[in-house]
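So this block is query_2.tsv, TSV, N, CA and C atoms:
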```tsv
chain	number	residue	atom	x	y	z
V	128	MET	N	0.84	-1.17	0.00
V	128	MET	CA	0.00	0.00	0.00
V	128	MET	C	0.89	1.25	0.00
V	129	PRO	N	1.29	1.72	-1.17
V	129	PRO	CA	2.15	2.91	-1.25
V	129	PRO	C	1.42	4.20	-0.91
V	130	PHE	N	2.15	5.10	-0.29
V	130	PHE	CA	1.67	6.45	-0.01
V	130	PHE	C	2.65	7.41	-0.67
V	131	LEU	N	2.13	8.34	-1.47
V	131	LEU	CA	2.95	9.36	-2.11
V	131	LEU	C	2.44	10.72	-1.73
V	132	GLU	N	3.35	11.58	-1.33
V	132	GLU	CA	3.01	12.96	-0.99
V	132	GLU	C	3.90	13.87	-1.83
V	133	LEU	N	3.29	14.58	-2.75
V	133	LEU	CA	4.01	15.52	-3.59
V	133	LEU	C	3.74	16.92	-3.07
V	134	GLU	N	4.81	17.59	-2.69
V	134	GLU	CA	4.72	18.98	-2.21
V	134	GLU	C	5.50	19.84	-3.17
V	135	THR	N	4.92	20.98	-3.55
V	135	THR	CA	5.60	21.86	-4.49
V	135	THR	C	5.29	23.32	-4.19
V	136	SER	N	6.23	24.16	-4.56
V	136	SER	CA	6.01	25.60	-4.44
V	136	SER	C	5.26	26.14	-5.65
V	137	LEU	N	5.10	25.32	-6.68
V	137	LEU	CA	4.34	25.76	-7.85
V	137	LEU	C	2.89	26.01	-7.47
V	138	PRO	N	2.29	27.09	-7.97
V	138	PRO	CA	0.87	27.34	-7.69
V	138	PRO	C	0.00	26.28	-8.38
V	139	ALA	N	-1.16	26.04	-7.83
V	139	ALA	CA	-2.07	25.02	-8.37
V	139	ALA	C	-2.34	25.22	-9.86
V	140	GLY	N	-2.43	26.45	-10.29
V	140	GLY	CA	-2.71	26.75	-11.69
V	140	GLY	C	-1.61	26.32	-12.65
V	141	ARG	N	-0.42	26.08	-12.14
V	141	ARG	CA	0.70	25.63	-12.99
V	141	ARG	C	0.84	24.12	-13.03
V	142	LEU	N	0.01	23.42	-12.27
V	142	LEU	CA	0.05	21.96	-12.28
V	142	LEU	C	-0.86	21.43	-13.37
V	143	PRO	N	-0.45	20.35	-14.05
V	143	PRO	CA	-1.31	19.80	-15.09
V	143	PRO	C	-2.59	19.23	-14.49
V	144	PRO	N	-3.70	19.35	-15.20
V	144	PRO	CA	-4.96	18.76	-14.71
V	144	PRO	C	-4.78	17.25	-14.53
V	145	GLY	N	-5.36	16.73	-13.48
V	145	GLY	CA	-5.30	15.29	-13.24
V	145	GLY	C	-3.96	14.79	-12.74
V	146	LEU	N	-3.12	15.70	-12.21
V	146	LEU	CA	-1.79	15.30	-11.77
V	146	LEU	C	-1.83	14.18	-10.72
V	147	ALA	N	-2.73	14.28	-9.75
V	147	ALA	CA	-2.79	13.26	-8.70
V	147	ALA	C	-3.09	11.88	-9.29
V	148	GLN	N	-4.04	11.83	-10.22
V	148	GLN	CA	-4.39	10.55	-10.85
V	148	GLN	C	-3.24	10.03	-11.70
V	149	GLU	N	-2.56	10.92	-12.41
V	149	GLU	CA	-1.41	10.51	-13.23
V	149	GLU	C	-0.27	9.99	-12.35
V	150	LEU	N	-0.04	10.66	-11.23
V	150	LEU	CA	0.99	10.21	-10.30
V	150	LEU	C	0.63	8.84	-9.71
V	151	CYS	N	-0.64	8.63	-9.44
V	151	CYS	CA	-1.11	7.34	-8.94
V	151	CYS	C	-0.79	6.24	-9.94
V	152	ALA	N	-1.13	6.46	-11.20
V	152	ALA	CA	-0.88	5.46	-12.23
V	152	ALA	C	0.62	5.22	-12.42
V	153	ALA	N	1.40	6.30	-12.42
V	153	ALA	CA	2.85	6.16	-12.57
V	153	ALA	C	3.45	5.38	-11.40
V	154	ALA	N	3.02	5.71	-10.19
V	154	ALA	CA	3.53	5.03	-9.00
V	154	ALA	C	3.19	3.55	-9.02
V	155	ALA	N	1.98	3.21	-9.43
V	155	ALA	CA	1.58	1.80	-9.52
V	155	ALA	C	2.52	1.05	-10.47
V	156	ASP	N	2.82	1.67	-11.61
V	156	ASP	CA	3.71	1.05	-12.57
V	156	ASP	C	5.15	0.97	-12.04
V	157	ILE	N	5.65	2.06	-11.49
V	157	ILE	CA	7.03	2.11	-11.01
V	157	ILE	C	7.26	1.15	-9.85
V	158	LEU	N	6.31	1.11	-8.93
V	158	LEU	CA	6.48	0.30	-7.72
V	158	LEU	C	5.94	-1.13	-7.86
V	159	GLY	N	5.24	-1.39	-8.96
V	159	GLY	CA	4.70	-2.73	-9.17
V	159	GLY	C	3.56	-3.07	-8.23
V	160	LYS	N	2.75	-2.07	-7.90
V	160	LYS	CA	1.61	-2.27	-7.01
V	160	LYS	C	0.33	-1.92	-7.77
V	161	PRO	N	-0.81	-2.52	-7.42
V	161	PRO	CA	-2.06	-2.14	-8.10
V	161	PRO	C	-2.45	-0.70	-7.77
V	162	ALA	N	-2.96	0.01	-8.75
V	162	ALA	CA	-3.37	1.41	-8.55
V	162	ALA	C	-4.41	1.52	-7.43
V	163	GLU	N	-5.20	0.49	-7.24
V	163	GLU	CA	-6.23	0.50	-6.19
V	163	GLU	C	-5.63	0.58	-4.78
V	164	ARG	N	-4.35	0.30	-4.66
V	164	ARG	CA	-3.69	0.35	-3.35
V	164	ARG	C	-2.83	1.60	-3.16
V	165	VAL	N	-2.69	2.41	-4.21
V	165	VAL	CA	-1.83	3.59	-4.16
V	165	VAL	C	-2.61	4.79	-3.64
V	166	ASN	N	-2.01	5.52	-2.70
V	166	ASN	CA	-2.61	6.72	-2.11
V	166	ASN	C	-1.73	7.92	-2.45
V	167	VAL	N	-2.33	8.99	-2.98
V	167	VAL	CA	-1.58	10.15	-3.43
V	167	VAL	C	-2.18	11.42	-2.85
V	168	THR	N	-1.31	12.29	-2.37
V	168	THR	CA	-1.68	13.64	-1.94
V	168	THR	C	-0.79	14.62	-2.69
V	169	VAL	N	-1.39	15.68	-3.23
V	169	VAL	CA	-0.63	16.73	-3.90
V	169	VAL	C	-0.91	18.04	-3.17
V	170	ARG	N	0.15	18.69	-2.74
V	170	ARG	CA	0.04	20.00	-2.08
V	170	ARG	C	0.81	21.01	-2.92
V	171	SER	N	0.16	22.08	-3.32
V	171	SER	CA	0.81	23.08	-4.17
V	171	SER	C	0.84	24.44	-3.47
V	172	GLY	N	1.62	25.35	-4.04
V	172	GLY	CA	1.68	26.71	-3.53
V	172	GLY	C	2.32	26.85	-2.17
V	173	LEU	N	3.19	25.91	-1.81
V	173	LEU	CA	3.83	25.93	-0.50
V	173	LEU	C	5.08	26.80	-0.50
V	174	PRO	N	5.34	27.51	0.59
V	174	PRO	CA	6.63	28.20	0.70
V	174	PRO	C	7.71	27.14	0.92
V	175	MET	N	8.66	27.05	-0.01
V	175	MET	CA	9.68	26.01	0.06
V	175	MET	C	11.04	26.57	-0.32
V	176	VAL	N	12.07	26.01	0.29
V	176	VAL	CA	13.45	26.31	-0.06
V	176	VAL	C	14.14	24.98	-0.28
V	177	LEU	N	14.78	24.83	-1.43
V	177	LEU	CA	15.52	23.61	-1.74
V	177	LEU	C	16.94	24.01	-2.10
V	178	ALA	N	17.90	23.44	-1.40
V	178	ALA	CA	19.32	23.72	-1.64
V	178	ALA	C	19.61	25.22	-1.54
V	179	GLY	N	18.96	25.87	-0.56
V	179	GLY	CA	19.22	27.29	-0.32
V	179	GLY	C	18.52	28.24	-1.25
V	180	SER	N	17.71	27.73	-2.18
V	180	SER	CA	17.04	28.58	-3.16
V	180	SER	C	15.52	28.46	-3.06
V	181	ALA	N	14.84	29.59	-3.18
V	181	ALA	CA	13.38	29.61	-3.16
V	181	ALA	C	12.79	29.54	-4.57
V	182	GLU	N	13.63	29.25	-5.57
V	182	GLU	CA	13.10	29.04	-6.93
V	182	GLU	C	12.12	27.87	-6.90
V	183	PRO	N	11.20	27.79	-7.87
V	183	PRO	CA	10.21	26.70	-7.87
V	183	PRO	C	10.88	25.33	-7.69
V	184	CYS	N	10.24	24.51	-6.86
V	184	CYS	CA	10.81	23.21	-6.54
V	184	CYS	C	9.71	22.25	-6.10
V	185	ALA	N	10.10	21.01	-5.87
V	185	ALA	CA	9.16	20.00	-5.41
V	185	ALA	C	9.90	18.93	-4.64
V	186	GLN	N	9.17	18.29	-3.74
V	186	GLN	CA	9.70	17.10	-3.07
V	186	GLN	C	8.62	16.03	-3.08
V	187	LEU	N	9.06	14.81	-3.29
V	187	LEU	CA	8.15	13.67	-3.31
V	187	LEU	C	8.55	12.73	-2.18
V	188	LEU	N	7.59	12.37	-1.35
V	188	LEU	CA	7.80	11.38	-0.30
V	188	LEU	C	7.10	10.11	-0.73
V	189	VAL	N	7.85	9.01	-0.74
V	189	VAL	CA	7.31	7.72	-1.16
V	189	VAL	C	7.50	6.75	0.00
V	190	SER	N	6.41	6.21	0.52
V	190	SER	CA	6.51	5.21	1.56
V	190	SER	C	5.67	4.01	1.15
V	191	SER	N	6.19	2.83	1.42
V	191	SER	CA	5.50	1.61	1.00
V	191	SER	C	6.06	0.40	1.73
V	192	ILE	N	5.31	-0.67	1.67
V	192	ILE	CA	5.74	-1.95	2.24
V	192	ILE	C	6.49	-2.72	1.16
V	193	GLY	N	7.72	-3.10	1.45
V	193	GLY	CA	8.44	-4.07	0.64
V	193	GLY	C	9.10	-3.62	-0.65
V	194	VAL	N	8.87	-2.39	-1.11
V	194	VAL	CA	9.43	-2.03	-2.42
V	194	VAL	C	10.35	-0.81	-2.40
V	195	VAL	N	10.61	-0.24	-1.22
V	195	VAL	CA	11.50	0.92	-1.13
V	195	VAL	C	12.54	0.72	-0.03
V	196	GLY	N	12.96	-0.53	0.17
V	196	GLY	CA	13.81	-0.85	1.29
V	196	GLY	C	15.30	-1.00	1.00
V	197	SER	N	15.72	-0.76	-0.26
V	197	SER	CA	17.14	-0.90	-0.55
V	197	SER	C	17.60	0.21	-1.49
V	198	ALA	N	18.90	0.47	-1.47
V	198	ALA	CA	19.47	1.49	-2.36
V	198	ALA	C	19.25	1.11	-3.82
V	199	GLU	N	19.37	-0.17	-4.14
V	199	GLU	CA	19.20	-0.62	-5.51
V	199	GLU	C	17.76	-0.39	-5.99
V	200	GLN	N	16.79	-0.75	-5.15
V	200	GLN	CA	15.39	-0.51	-5.51
V	200	GLN	C	15.15	0.98	-5.72
V	201	ASN	N	15.60	1.78	-4.77
V	201	ASN	CA	15.30	3.20	-4.81
V	201	ASN	C	16.04	3.92	-5.93
V	202	GLN	N	17.19	3.41	-6.33
V	202	GLN	CA	17.88	4.01	-7.47
V	202	GLN	C	17.03	3.85	-8.74
V	203	ARG	N	16.47	2.66	-8.93
V	203	ARG	CA	15.60	2.43	-10.10
V	203	ARG	C	14.33	3.28	-10.00
V	204	HIS	N	13.71	3.28	-8.82
V	204	HIS	CA	12.48	4.08	-8.64
V	204	HIS	C	12.77	5.56	-8.86
V	205	SER	N	13.87	6.02	-8.31
V	205	SER	CA	14.22	7.44	-8.39
V	205	SER	C	14.30	7.91	-9.84
V	206	ALA	N	14.99	7.15	-10.68
V	206	ALA	CA	15.13	7.54	-12.09
V	206	ALA	C	13.77	7.68	-12.75
V	207	ARG	N	12.88	6.75	-12.49
V	207	ARG	CA	11.56	6.78	-13.13
V	207	ARG	C	10.68	7.89	-12.56
V	208	PHE	N	10.72	8.09	-11.25
V	208	PHE	CA	9.95	9.19	-10.66
V	208	PHE	C	10.48	10.55	-11.15
V	209	PHE	N	11.80	10.70	-11.27
V	209	PHE	CA	12.35	11.95	-11.79
V	209	PHE	C	11.89	12.20	-13.21
V	210	ASP	N	11.87	11.17	-14.05
V	210	ASP	CA	11.37	11.33	-15.43
V	210	ASP	C	9.94	11.83	-15.42
V	211	PHE	N	9.11	11.23	-14.58
V	211	PHE	CA	7.71	11.64	-14.49
V	211	PHE	C	7.58	13.08	-14.00
V	212	LEU	N	8.25	13.40	-12.90
V	212	LEU	CA	8.10	14.72	-12.28
V	212	LEU	C	8.65	15.85	-13.15
V	213	THR	N	9.80	15.64	-13.77
V	213	THR	CA	10.35	16.71	-14.61
V	213	THR	C	9.42	16.97	-15.79
V	214	ALA	N	8.84	15.92	-16.36
V	214	ALA	CA	7.92	16.10	-17.49
V	214	ALA	C	6.62	16.78	-17.06
V	215	GLN	N	6.07	16.36	-15.93
V	215	GLN	CA	4.78	16.88	-15.48
V	215	GLN	C	4.87	18.29	-14.88
V	216	LEU	N	5.94	18.56	-14.16
V	216	LEU	CA	6.04	19.83	-13.44
V	216	LEU	C	6.85	20.88	-14.19
V	217	GLY	N	7.61	20.46	-15.18
V	217	GLY	CA	8.44	21.42	-15.90
V	217	GLY	C	9.61	21.94	-15.08
V	218	LEU	N	10.03	21.18	-14.09
V	218	LEU	CA	11.17	21.54	-13.25
V	218	LEU	C	12.39	20.73	-13.67
V	219	GLY	N	13.57	21.30	-13.49
V	219	GLY	CA	14.79	20.54	-13.71
V	219	GLY	C	15.00	19.57	-12.57
V	220	PRO	N	15.75	18.50	-12.80
V	220	PRO	CA	15.96	17.51	-11.75
V	220	PRO	C	16.67	18.07	-10.52
V	221	GLU	N	17.42	19.16	-10.69
V	221	GLU	CA	18.10	19.78	-9.55
V	221	GLU	C	17.13	20.51	-8.62
V	222	ARG	N	15.86	20.67	-9.05
V	222	ARG	CA	14.85	21.36	-8.24
V	222	ARG	C	13.83	20.38	-7.65
V	223	ILE	N	14.18	19.11	-7.67
V	223	ILE	CA	13.30	18.06	-7.14
V	223	ILE	C	14.12	17.17	-6.22
V	224	VAL	N	13.51	16.75	-5.12
V	224	VAL	CA	14.14	15.79	-4.22
V	224	VAL	C	13.09	14.72	-3.88
V	225	ILE	N	13.55	13.49	-3.73
V	225	ILE	CA	12.65	12.38	-3.40
V	225	ILE	C	13.17	11.72	-2.12
V	226	ARG	N	12.24	11.44	-1.20
V	226	ARG	CA	12.59	10.71	0.02
V	226	ARG	C	11.80	9.41	0.05
V	227	PHE	N	12.49	8.32	0.29
V	227	PHE	CA	11.88	7.00	0.36
V	227	PHE	C	11.83	6.52	1.81
V	228	TYR	N	10.68	5.99	2.20
V	228	TYR	CA	10.49	5.47	3.55
V	228	TYR	C	9.90	4.07	3.49
V	229	PRO	N	10.65	3.04	3.89
V	229	PRO	CA	10.06	1.71	3.95
V	229	PRO	C	9.11	1.60	5.14
V	230	LEU	N	8.01	0.91	4.92
V	230	LEU	CA	7.01	0.71	5.97
V	230	LEU	C	6.87	-0.78	6.28
V	231	GLU	N	6.42	-1.06	7.48
V	231	GLU	CA	6.09	-2.42	7.89
V	231	GLU	C	4.56	-2.54	7.92
V	232	PRO	N	4.01	-3.73	7.70
V	232	PRO	CA	2.55	-3.89	7.68
V	232	PRO	C	1.85	-3.41	8.95
V	233	TRP	N	2.50	-3.53	10.08
V	233	TRP	CA	1.87	-3.10	11.34
V	233	TRP	C	1.80	-1.58	11.47
V	234	GLN	N	2.44	-0.84	10.57
V	234	GLN	CA	2.42	0.62	10.64
V	234	GLN	C	1.28	1.25	9.85
V	235	ILE	N	0.45	0.44	9.19
V	235	ILE	CA	-0.64	0.97	8.37
V	235	ILE	C	-1.96	0.40	8.86
V	236	GLY	N	-2.83	1.30	9.28
V	236	GLY	CA	-4.16	0.90	9.72
V	236	GLY	C	-5.15	0.94	8.58
V	237	LYS	N	-6.02	-0.09	8.50
V	237	LYS	CA	-7.05	-0.15	7.47
V	237	LYS	C	-8.17	-1.07	7.96
V	238	ASN	N	-9.39	-0.66	7.70
V	238	ASN	CA	-10.56	-1.47	8.06
V	238	ASN	C	-10.55	-1.93	9.51
V	239	ARG	N	-10.22	-1.00	10.39
V	239	ARG	CA	-10.25	-1.23	11.85
V	239	ARG	C	-9.17	-2.17	12.36
V	240	THR	N	-8.15	-2.43	11.57
V	240	THR	CA	-7.02	-3.26	11.99
V	240	THR	C	-5.76	-2.72	11.33
V	241	VAL	N	-4.74	-3.51	11.26
V	241	VAL	CA	-3.51	-3.11	10.55
V	241	VAL	C	-3.26	-4.12	9.43
V	242	MET	N	-2.45	-3.72	8.46
V	242	MET	CA	-2.23	-4.55	7.26
V	242	MET	C	-1.66	-5.92	7.60
V	243	THR	N	-1.00	-6.06	8.73
V	243	THR	CA	-0.46	-7.36	9.14
V	243	THR	C	-1.56	-8.43	9.13
V	244	PHE	N	-2.77	-8.04	9.50
V	244	PHE	CA	-3.85	-9.01	9.67
V	244	PHE	C	-4.83	-9.03	8.51
V	245	LEU	N	-4.52	-8.31	7.45
V	245	LEU	CA	-5.40	-8.31	6.27
V	245	LEU	C	-4.84	-9.19	5.17
```

Using structure tokens, write down the structure from this file.
Amino acid sequence: MPFLELETSLPAGRLPPGLAQELCAAAADILGKPAERVNVTVRSGLPMVLAGSAEPCAQLLVSSIGVVGSAEQNQRHSARFFDFLTAQLGLGPERIVIRFYPLEPWQIGKNRTVMTFL
């Protein structure tokens, strides 16, 4: 069950229509998870500083069970997420940062229990 949080200083009007849905589909493909399990939040117009600069930027937080737990996995994911984000947001790769967080099934609550028991 991947969770993606895209935060950007770009105003909402500069984001492509349907960005959250497109990110959901891309994440499902990149992470090898069904789109029905992917959760996406997009926050725009945030005051942000990246690498000491307030120029337009974005950060993507990716957390999931089992698919973001190694440098090798994340190197592959990173390249594909960067391709998606630079194309969709019109930002250079130097203005984007991605953070990966591995999760355990007991850390996600769903249907009144945790994923361990589902």

Exercise. Atom C of Glu134 of chain V and atom CA of Asp210 of chain V, how far apart in Å?
Worked result: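 Spanning atom CA of Asp210 of chain V to atom C of Glu134 of chain V is a straight-line distance of 16.0 Å.
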
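Taking atom CA of Val241 of chain V and atom CA of Gln186 of chain V as endpoints, the distance between them is 27.7 Å.
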
Mind listing the alpha helix (DSSP H) residues of chain V, per DSSP on the backbone, as a short mmCIF file (atom, residue, chain, number, x, y, z; two decimals) with N, CA and C atoms, in the coordinates of the input?
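Output file states_32.cif is given in full below:
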```cif
data_model
loop_
_atom_site.label_atom_id
_atom_site.label_comp_id
_atom_site.auth_asym_id
_atom_site.auth_seq_id
_atom_site.Cartn_x
_atom_site.Cartn_y
_atom_site.Cartn_z
N LEU V 146 -3.12 15.70 -12.21
CA LEU V 146 -1.79 15.30 -11.77
C LEU V 146 -1.83 14.18 -10.72
N ALA V 147 -2.73 14.28 -9.75
CA ALA V 147 -2.79 13.26 -8.70
C ALA V 147 -3.09 11.88 -9.29
N GLN V 148 -4.04 11.83 -10.22
CA GLN V 148 -4.39 10.55 -10.85
C GLN V 148 -3.24 10.03 -11.70
N GLU V 149 -2.56 10.92 -12.41
CA GLU V 149 -1.41 10.51 -13.23
C GLU V 149 -0.27 9.99 -12.35
N LEU V 150 -0.04 10.66 -11.23
CA LEU V 150 0.99 10.21 -10.30
C LEU V 150 0.63 8.84 -9.71
N CYS V 151 -0.64 8.63 -9.44
CA CYS V 151 -1.11 7.34 -8.94
C CYS V 151 -0.79 6.24 -9.94
N ALA V 152 -1.13 6.46 -11.20
CA ALA V 152 -0.88 5.46 -12.23
C ALA V 152 0.62 5.22 -12.42
N ALA V 153 1.40 6.30 -12.42
CA ALA V 153 2.85 6.16 -12.57
C ALA V 153 3.45 5.38 -11.40
N ALA V 154 3.02 5.71 -10.19
CA ALA V 154 3.53 5.03 -9.00
C ALA V 154 3.19 3.55 -9.02
N ALA V 155 1.98 3.21 -9.43
CA ALA V 155 1.58 1.80 -9.52
C ALA V 155 2.52 1.05 -10.47
N ASP V 156 2.82 1.67 -11.61
CA ASP V 156 3.71 1.05 -12.57
C ASP V 156 5.15 0.97 -12.04
N ILE V 157 5.65 2.06 -11.49
CA ILE V 157 7.03 2.11 -11.01
C ILE V 157 7.26 1.15 -9.85
N LEU V 158 6.31 1.11 -8.93
CA LEU V 158 6.48 0.30 -7.72
C LEU V 158 5.94 -1.13 -7.86
N ALA V 198 18.90 0.47 -1.47
CA ALA V 198 19.47 1.49 -2.36
C ALA V 198 19.25 1.11 -3.82
N GLU V 199 19.37 -0.17 -4.14
CA GLU V 199 19.20 -0.62 -5.51
C GLU V 199 17.76 -0.39 -5.99
N GLN V 200 16.79 -0.75 -5.15
CA GLN V 200 15.39 -0.51 -5.51
C GLN V 200 15.15 0.98 -5.72
N ASN V 201 15.60 1.78 -4.77
CA ASN V 201 15.30 3.20 -4.81
C ASN V 201 16.04 3.92 -5.93
N GLN V 202 17.19 3.41 -6.33
CA GLN V 202 17.88 4.01 -7.47
C GLN V 202 17.03 3.85 -8.74
N ARG V 203 16.47 2.66 -8.93
CA ARG V 203 15.60 2.43 -10.10
C ARG V 203 14.33 3.28 -10.00
N HIS V 204 13.71 3.28 -8.82
CA HIS V 204 12.48 4.08 -8.64
C HIS V 204 12.77 5.56 -8.86
N SER V 205 13.87 6.02 -8.31
CA SER V 205 14.22 7.44 -8.39
C SER V 205 14.30 7.91 -9.84
N ALA V 206 14.99 7.15 -10.68
CA ALA V 206 15.13 7.54 -12.09
C ALA V 206 13.77 7.68 -12.75
N ARG V 207 12.88 6.75 -12.49
CA ARG V 207 11.56 6.78 -13.13
C ARG V 207 10.68 7.89 -12.56
N PHE V 208 10.72 8.09 -11.25
CA PHE V 208 9.95 9.19 -10.66
C PHE V 208 10.48 10.55 -11.15
N PHE V 209 11.80 10.70 -11.27
CA PHE V 209 12.35 11.95 -11.79
C PHE V 209 11.89 12.20 -13.21
N ASP V 210 11.87 11.17 -14.05
CA ASP V 210 11.37 11.33 -15.43
C ASP V 210 9.94 11.83 -15.42
N PHE V 211 9.11 11.23 -14.58
CA PHE V 211 7.71 11.64 -14.49
C PHE V 211 7.58 13.08 -14.00
N LEU V 212 8.25 13.40 -12.90
CA LEU V 212 8.10 14.72 -12.28
C LEU V 212 8.65 15.85 -13.15
N THR V 213 9.80 15.64 -13.77
CA THR V 213 10.35 16.71 -14.61
C THR V 213 9.42 16.97 -15.79
N ALA V 214 8.84 15.92 -16.36
CA ALA V 214 7.92 16.10 -17.49
C ALA V 214 6.62 16.78 -17.06
N GLN V 215 6.07 16.36 -15.93
CA GLN V 215 4.78 16.88 -15.48
C GLN V 215 4.87 18.29 -14.88
N LEU V 216 5.94 18.56 -14.16
CA LEU V 216 6.04 19.83 -13.44
C LEU V 216 6.85 20.88 -14.19
#
```

Exercise. Distance atom CA of Lys160 of chain V-atom CA of Met128 of chain V, one decimal place?
Worked result: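 Atom CA of Met128 of chain V lies 7.5 Å from atom CA of Lys160 of chain V.
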
Problem set entry | All strand (DSSP E) residues (DSSP, backbone) inside segment 140-205 of chain V, as JSON, numbers by chain | {"V": [166, 167, 168, 169, 170, 185, 186, 187, 188, 189, 190, 191, 192]}

For this session: Using only C-alpha atoms, determine which residues lie at most 9 Å from Ala147 of chain V, disregarding the query and same-chain residues fewer than 4 positions distant; provide the list as a list in words.
Result: Leu133, Cys151, Ala152, Val167, Thr168 and Val169 of chain V

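The shortest atom-to-atom distance to Ala178 of chain V, with only N, CA and C atoms taken into account, belongs to V:Arg222 out of V:Asp156, V:Arg222, V:Leu230, V:Gln202.
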
Exercise. V:Gly236, V:Gly179, V:Pro143, V:Gly159: which is nearest Leu216 of chain V, counting all atoms listed in the file?
Worked result: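 Checking each of V:Gly236, V:Gly179, V:Pro143, V:Gly159 against Leu216 of chain V, counting all atoms listed in the file, the winner is V:Pro143.
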
For this session: Could you tell me which of V:Trp233, V:Ala185, V:Glu132, V:Tyr228 comes closest to Leu212 of chain V if we count only C-alpha atoms?
Result: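 Answer, going by the shortest atom-to-atom distance: V:Ala185.
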
Exercise. So which one's closest to Glu182 of chain V, V:Ala206, V:Ala153, V:Leu137, V:Val194? Using all atoms listed in the file, please.
Worked result: V:Leu137

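Residues with any atom within 8 Å of the point (10.2, 22.1, 0.4), counting all atoms listed in the file, are Glu134, Thr135, Ser136, Leu173, Pro174, Met175, Val176, Leu177, Cys184, Ala185 and Gln186 of chain V.
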
Exercise. Between V:Ser180, V:Gln148, V:Ser171, V:Gln200, which is the closest to Glu221 of chain V once you count only C-alpha atoms?
Worked result: V:Ser180

Can you sort out the box for segment 228-244 of chain V, edges along x, y and z, all listed atoms in, 4 Å on every side, with centre and edge lengths in Å to one decimal, as lines of an AutoDock Vina configuration file?
```
center_x = 0.1
center_y = -1.5
center_z = 7.3
size_x = 29.2
size_y = 23.0
size_z = 18.2
```

For this session: Please tell me which residues are no farther than 7 Å from (-2.7, -3.6, -0.4) in the file, counting all atoms listed in the file, and write them as a PyMOL selection string.
Result: chain V and resi 128-129+163-164
